[in-house]
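Right, one structure below, let's go through it.
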Amino acid sequence: MLDIRFVRENLETVDHMLQNRQMGMDLKPFIQLDENRRNILREVEELKHQRNVASDEISQLKREKKDASGRIEEMREVSQRIKNLDQKLAGIEEDFREFLLHIPNIPHHSVPVGKDEEDNALYKSWGEIPSFRFDPKPHWEVGERLGILDFERAARMTGARFAVYWGMGAALERAIISFMLDVHTRKHGYKEVLPPVIVNGTSLMGTGQLPKFKEDLFKLEGLDYYLIPTAEVPVTNIHAGEVIEEENLPKLYTAFTPCFRSEAGSYGKDTRGLIRQHQFNKVELVRITTPENSYQELESLLENAETILQELGLPYRVVTLCTGDMGFSASKTYDIEVWLPGQNTHREISSCSNFEDFQARRAGIRLRRKGQTKTELAHTLNGSGLAVGRTLLAILENYQQEDGSVIIPDALRPYLHGAERITPDKH
RNA sequence: GGAGAGAUGGCCGAGUCGGCUGAAGGCGCUCGCCUGCUAAGCGAGUGUAGGGUCAAAAGCUCUACCGAGGGUUCGAAUCCCUCUCUCUCCGCCA
């Protein structure tokens, strides 16, 4: 959510930003709404002031045992007017808030202007794209041949876009999770948290998934409860409504959680394999910082995510998302795309964003400087560190051997009792 | 699921028959004074949001907020209703 005053005073900037984001949105009704709102507010506050003054007089008169019925009679009418205006105001304020909640964040000036993913800018890349002496297979073939991934049975017990992991597949997933958490907590200084994977609507409002992206979420029937689409939601909301002392910033949190996404609107896309599942595991990185440090913190967060890929020896590139491809709440986003030889392409494995004060304003995350009484909004950031399922499939594709086995990257072996290779598993 | 108790400012805690209570008192914190140092003491200050004024900030001023939402009333932290959460006991349970 943007600052109302900012929108009011920088209409052209906001309008320009909306165009850059490829969003047609007419701000005129919004400005009209804002004006109405303030007009009524002025009127009703004046009446309330009258009422408060009269209230004092009445109590004064009563204490002196004098007659106050005249004033009371007057105020009866004023109160009625207040009631009517308050009602009118409530309606306008609801519309106003609704509008404001649908305006996306303003892109940082360093973000390239562009239409779609074609216009994203390459930021850096790491690792050699491996060459194979044989035709590398997509991970679903590698996984099914090894007997560690089972899409058929998952489809039977649940439906499309789910998977059963068997044996070394399940163990590898678990190893990846532990490995990532260890790197982030021990090397990068994050605090590990294990949050609820069900949150209420207010939390989703706070991080920006609601009200606009309701259809992407799984909602529990009859309840204001949702399965989280990412740990960003519960973890960022840890400090919702709080004032954090500046000396306690930045906050660095990492969390492993399953994530749930309805994937509405992506029918027919990535239907095979682990790429796009309704349920997947992710290790998330969240930072809460002061405004002046947040862009530096974004670089650092990105590097934290990159470290995982480097230690696993998976080649990747980083792109800066352009204005047209960026998410609703973000000011700037880097996507890390891992190389997948089985599909001969790069695929997103992490997305690292600075939200500046956009989420903080919605969720009420503030900071207080030393010696100051005033509070200000904090900046929030997050990124995947990394998507676990996609990491696993990247390993299957990059480390597959001609005989169908898969070499286990060195970094993961301690988490798998020293195992060096995945070979076909019977069950 | 059944029975009961509660929710007030950063924290603890008082609010009588509804009216000088944005909220006593204490703690904490900030600034100043005092003091060989420390401790203690003294003085002042110390919530959030939204309006208005202002070129802007500061300042000044108004309005709202005592878990949330509604109601009664000229007037609600105080009365009524609904909801949420916390605690205790019982039941069930990984």
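Numbering starts fresh at 1 for the residues of each chain in the structure tokens, the chains themselves are lettered A, B, ... in the order given, and ligands are numbered from 1 as they appear.
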Contact set, chain A to chain B: 7 Å, only C-alpha atoms (C1' of nucleotides), as JSON, numbers by chain:
{"A": [41, 42, 45, 55, 59, 72, 73, 75, 76, 371]}
Using only C-alpha atoms (C1' of nucleotides), which residues sit within 10 Å of Gly313 (chain A) once same-chain residues fewer than 4 positions away are excluded, as a ChimeraX atom specification?
/A:126-128,307-309,395,398-399,409-411
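Going from CA of Val406 (chain A) to CA of Ile148 (chain A) covers 11.3 Å.
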What is the CA of Pro112 (chain A)-CA of Val14 (chain A) distance in Å, reported with one decimal?
16.5 Å
I'd like to know which residues of region 282-391 of chain A are alpha helix (DSSP H) (by DSSP, run on the backbone); could you write them as an NGL selection string?
:A and (294-312 or 358-363 or 388-391)
For those residues, write N, CA, C and O atoms to a file as a compact mmCIF listing (two decimals), in the first residue's frame.
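Output file result-v7.txt follows:
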# COMPACT_ATOMS: atom_id res chain seq x y z
N SER A 294 18.08 -0.85 2.90
CA SER A 294 17.36 -1.99 2.33
C SER A 294 17.92 -2.47 1.00
O SER A 294 17.87 -3.66 0.71
N TYR A 295 18.45 -1.56 0.19
CA TYR A 295 18.97 -2.03 -1.11
C TYR A 295 20.28 -2.78 -0.99
O TYR A 295 20.53 -3.75 -1.71
N GLN A 296 21.07 -2.35 -0.02
CA GLN A 296 22.28 -3.09 0.30
C GLN A 296 21.90 -4.47 0.83
O GLN A 296 22.51 -5.48 0.50
N GLU A 297 20.85 -4.50 1.64
CA GLU A 297 20.39 -5.77 2.21
C GLU A 297 19.83 -6.69 1.12
O GLU A 297 19.92 -7.90 1.23
N LEU A 298 19.27 -6.10 0.08
CA LEU A 298 18.75 -6.92 -1.02
C LEU A 298 19.90 -7.64 -1.72
O LEU A 298 19.80 -8.83 -2.03
N GLU A 299 20.99 -6.93 -1.94
CA GLU A 299 22.16 -7.55 -2.57
C GLU A 299 22.67 -8.70 -1.71
O GLU A 299 23.01 -9.77 -2.21
N SER A 300 22.72 -8.46 -0.43
CA SER A 300 23.22 -9.46 0.51
C SER A 300 22.30 -10.69 0.54
O SER A 300 22.75 -11.83 0.54
N LEU A 301 21.01 -10.43 0.55
CA LEU A 301 20.02 -11.51 0.53
C LEU A 301 20.17 -12.36 -0.73
O LEU A 301 20.14 -13.59 -0.69
N LEU A 302 20.33 -11.68 -1.84
CA LEU A 302 20.52 -12.37 -3.11
C LEU A 302 21.75 -13.27 -3.05
O LEU A 302 21.71 -14.44 -3.46
N GLU A 303 22.82 -12.74 -2.49
CA GLU A 303 24.06 -13.53 -2.38
C GLU A 303 23.86 -14.74 -1.49
O GLU A 303 24.42 -15.81 -1.74
N ASN A 304 23.06 -14.59 -0.44
CA ASN A 304 22.77 -15.72 0.45
C ASN A 304 22.10 -16.85 -0.32
O ASN A 304 22.42 -18.02 -0.13
N ALA A 305 21.17 -16.48 -1.19
CA ALA A 305 20.48 -17.49 -1.99
C ALA A 305 21.44 -18.11 -3.01
O ALA A 305 21.46 -19.32 -3.21
N GLU A 306 22.29 -17.26 -3.61
CA GLU A 306 23.25 -17.74 -4.60
C GLU A 306 24.21 -18.76 -4.00
O GLU A 306 24.61 -19.73 -4.66
N THR A 307 24.60 -18.50 -2.74
CA THR A 307 25.54 -19.40 -2.07
C THR A 307 25.09 -20.85 -2.13
O THR A 307 25.90 -21.76 -2.34
N ILE A 308 23.79 -21.05 -1.95
CA ILE A 308 23.27 -22.42 -1.97
C ILE A 308 23.56 -23.09 -3.32
O ILE A 308 24.05 -24.21 -3.38
N LEU A 309 23.27 -22.38 -4.38
CA LEU A 309 23.49 -22.95 -5.71
C LEU A 309 24.97 -23.18 -5.97
O LEU A 309 25.36 -24.18 -6.57
N GLN A 310 25.79 -22.26 -5.51
CA GLN A 310 27.23 -22.42 -5.70
C GLN A 310 27.75 -23.64 -4.96
O GLN A 310 28.51 -24.43 -5.51
N GLU A 311 27.30 -23.80 -3.73
CA GLU A 311 27.78 -24.95 -2.96
C GLU A 311 27.26 -26.25 -3.53
O GLU A 311 27.86 -27.31 -3.32
N LEU A 312 26.14 -26.19 -4.21
CA LEU A 312 25.61 -27.40 -4.83
C LEU A 312 26.17 -27.58 -6.25
O LEU A 312 25.88 -28.58 -6.91
N PHE A 358 6.15 -0.85 1.49
CA PHE A 358 4.83 -1.23 0.97
C PHE A 358 4.10 -2.23 1.88
O PHE A 358 2.94 -2.04 2.24
N GLN A 359 4.82 -3.29 2.24
CA GLN A 359 4.23 -4.28 3.15
C GLN A 359 4.18 -3.74 4.58
O GLN A 359 3.23 -3.99 5.32
N ALA A 360 5.22 -3.00 4.93
CA ALA A 360 5.31 -2.47 6.30
C ALA A 360 4.12 -1.56 6.60
O ALA A 360 3.59 -1.57 7.71
N ARG A 361 3.69 -0.78 5.60
CA ARG A 361 2.55 0.11 5.82
C ARG A 361 1.28 -0.70 6.00
O ARG A 361 0.46 -0.42 6.86
N ARG A 362 1.13 -1.75 5.19
CA ARG A 362 -0.06 -2.58 5.31
C ARG A 362 -0.07 -3.35 6.62
O ARG A 362 -1.11 -3.50 7.26
N ALA A 363 1.09 -3.88 6.98
CA ALA A 363 1.14 -4.76 8.14
C ALA A 363 1.46 -4.01 9.43
O ALA A 363 1.39 -4.58 10.52
N VAL A 388 12.77 -25.80 -2.69
CA VAL A 388 13.42 -27.09 -2.46
C VAL A 388 13.16 -28.08 -3.60
O VAL A 388 14.08 -28.73 -4.09
N GLY A 389 11.90 -28.16 -4.03
CA GLY A 389 11.56 -29.10 -5.10
C GLY A 389 12.33 -28.79 -6.38
O GLY A 389 12.82 -29.69 -7.06
N ARG A 390 12.45 -27.52 -6.68
CA ARG A 390 13.17 -27.13 -7.90
C ARG A 390 14.66 -27.38 -7.75
O ARG A 390 15.35 -27.65 -8.74
N THR A 391 15.16 -27.26 -6.52
CA THR A 391 16.57 -27.59 -6.29
C THR A 391 16.80 -29.07 -6.53
O THR A 391 17.77 -29.47 -7.18
Might you pull out every residue within 9 Å of region 21-28 of chain B, with only C-alpha atoms (C1' of nucleotides) counted and same-chain residues fewer than 5 positions away left off, and present them as a list in words?
U8, G9, G10, C11, C12, G13, A14, G15, C66 and A77 of chain B
Assign secondary structure with DSSP using the backbone only, and return the residues of region 319-392 of chain A in strand (DSSP E or B) as a PyMOL selection string.
chain A and resi 319-320+332-340+345-354+366-368+375-377+379-387
Would you compute the distance between CA of Glu337 (chain A) and CA of Val318 (chain A)? Give it in Å to one decimal.
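CA of Val318 (chain A) lies 6.1 Å from CA of Glu337 (chain A).
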Which residue, B:A94, B:G18, B:G43, B:G69, has the smallest gap to U82 (chain B) when you use only C-alpha atoms (C1' of nucleotides)?
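Of B:A94, B:G18, B:G43, B:G69, the one nearest U82 (chain B), counting only C-alpha atoms (C1' of nucleotides), is B:G69.
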Pick out the residues sitting within 9 Å of Ser125 (chain A), and hand them over as a CSV table (one decimal) with N, CA and C atoms, in the first residue's frame; count only C-alpha atoms (C1' of nucleotides), and ignore anything fewer than 5 positions along from it in its own chain.
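File written: selection_23.csv
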chain,number,residue,atom,x,y,z
A,315,PRO,N,24.7,-24.4,-12.1
A,315,PRO,CA,24.9,-23.2,-12.8
A,315,PRO,C,23.6,-22.4,-12.8
A,316,TYR,N,23.8,-21.0,-12.8
A,316,TYR,CA,22.6,-20.2,-12.7
A,316,TYR,C,22.9,-18.8,-13.3
A,317,ARG,N,21.8,-18.1,-13.5
A,317,ARG,CA,22.0,-16.7,-13.9
A,317,ARG,C,21.0,-15.9,-13.0
A,318,VAL,N,21.3,-14.6,-12.9
A,318,VAL,CA,20.4,-13.7,-12.1
A,318,VAL,C,19.9,-12.6,-13.1
A,319,VAL,N,18.6,-12.4,-13.1
A,319,VAL,CA,18.0,-11.4,-13.9
A,319,VAL,C,17.3,-10.4,-13.0
Min atom-atom distance to Arg368 (chain A) from the set A:Leu149, A:Leu172, A:Ile244, A:Leu412, counting only C-alpha atoms, belongs to A:Ile244
With a distance cut-off of 12 Å and only C-alpha atoms (C1' of nucleotides), select the neighbouring residues of A5 (chain B), excluding the residue or stretch itself and same-chain residues fewer than 6 positions from it, and output the selection as a PyMOL selection string.
chain B and resi 86-89
Would you write out those residues with all heavy atoms, as a tab-separated table (two decimals), in the first residue's frame?
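In the end it all went to out.tsv:
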chain	number	residue	atom	x	y	z
B	86	U	P	-5.54	-17.86	22.12
B	86	U	OP1	-4.26	-18.44	21.64
B	86	U	OP2	-6.76	-18.70	22.16
B	86	U	O5'	-5.31	-17.25	23.57
B	86	U	C5'	-4.15	-16.48	23.86
B	86	U	C4'	-4.20	-16.00	25.29
B	86	U	O4'	-5.37	-15.15	25.45
B	86	U	C3'	-4.40	-17.09	26.34
B	86	U	O3'	-3.17	-17.72	26.66
B	86	U	C2'	-4.98	-16.29	27.49
B	86	U	O2'	-3.99	-15.56	28.18
B	86	U	C1'	-5.90	-15.31	26.76
B	86	U	N1	-7.29	-15.79	26.67
B	86	U	C2	-8.10	-15.63	27.79
B	86	U	O2	-7.71	-15.13	28.82
B	86	U	N3	-9.38	-16.08	27.64
B	86	U	C4	-9.95	-16.66	26.52
B	86	U	O4	-11.13	-17.01	26.54
B	86	U	C5	-9.05	-16.80	25.41
B	86	U	C6	-7.78	-16.37	25.52
B	87	C	P	-3.21	-19.24	27.16
B	87	C	OP1	-1.81	-19.70	27.19
B	87	C	OP2	-4.22	-19.99	26.36
B	87	C	O5'	-3.76	-19.12	28.64
B	87	C	C5'	-2.99	-18.47	29.64
B	87	C	C4'	-3.81	-18.35	30.91
B	87	C	O4'	-4.99	-17.56	30.64
B	87	C	C3'	-4.37	-19.66	31.45
B	87	C	O3'	-3.41	-20.38	32.20
B	87	C	C2'	-5.53	-19.16	32.30
B	87	C	O2'	-5.10	-18.65	33.54
B	87	C	C1'	-6.07	-18.02	31.44
B	87	C	N1	-7.18	-18.44	30.56
B	87	C	C2	-8.47	-18.53	31.10
B	87	C	O2	-8.62	-18.26	32.30
B	87	C	N3	-9.49	-18.91	30.31
B	87	C	C4	-9.28	-19.21	29.03
B	87	C	N4	-10.33	-19.58	28.29
B	87	C	C5	-7.98	-19.13	28.45
B	87	C	C6	-6.96	-18.75	29.24
B	88	U	P	-3.49	-21.97	32.25
B	88	U	OP1	-2.21	-22.44	32.86
B	88	U	OP2	-3.90	-22.47	30.93
B	88	U	O5'	-4.68	-22.21	33.27
B	88	U	C5'	-4.55	-21.86	34.65
B	88	U	C4'	-5.82	-22.17	35.38
B	88	U	O4'	-6.89	-21.32	34.87
B	88	U	C3'	-6.37	-23.57	35.17
B	88	U	O3'	-5.71	-24.53	36.00
B	88	U	C2'	-7.84	-23.39	35.53
B	88	U	O2'	-8.03	-23.36	36.93
B	88	U	C1'	-8.12	-22.01	34.94
B	88	U	N1	-8.69	-22.10	33.57
B	88	U	C2	-10.06	-22.33	33.45
B	88	U	O2	-10.78	-22.46	34.42
B	88	U	N3	-10.54	-22.40	32.17
B	88	U	C4	-9.79	-22.28	31.00
B	88	U	O4	-10.36	-22.37	29.92
B	88	U	C5	-8.39	-22.05	31.21
B	88	U	C6	-7.90	-21.98	32.45
B	89	C	P	-5.58	-26.03	35.50
B	89	C	OP1	-4.66	-26.71	36.43
B	89	C	OP2	-5.28	-26.01	34.04
B	89	C	O5'	-7.05	-26.60	35.70
B	89	C	C5'	-7.58	-26.79	37.01
B	89	C	C4'	-9.04	-27.18	36.92
B	89	C	O4'	-9.79	-26.12	36.27
B	89	C	C3'	-9.35	-28.40	36.06
B	89	C	O3'	-9.07	-29.63	36.72
B	89	C	C2'	-10.83	-28.19	35.78
B	89	C	O2'	-11.62	-28.55	36.89
B	89	C	C1'	-10.88	-26.68	35.56
B	89	C	N1	-10.76	-26.34	34.12
B	89	C	C2	-11.92	-26.43	33.33
B	89	C	O2	-12.98	-26.78	33.86
B	89	C	N3	-11.83	-26.13	32.00
B	89	C	C4	-10.67	-25.77	31.48
B	89	C	N4	-10.65	-25.48	30.18
B	89	C	C5	-9.48	-25.67	32.26
B	89	C	C6	-9.57	-25.97	33.57
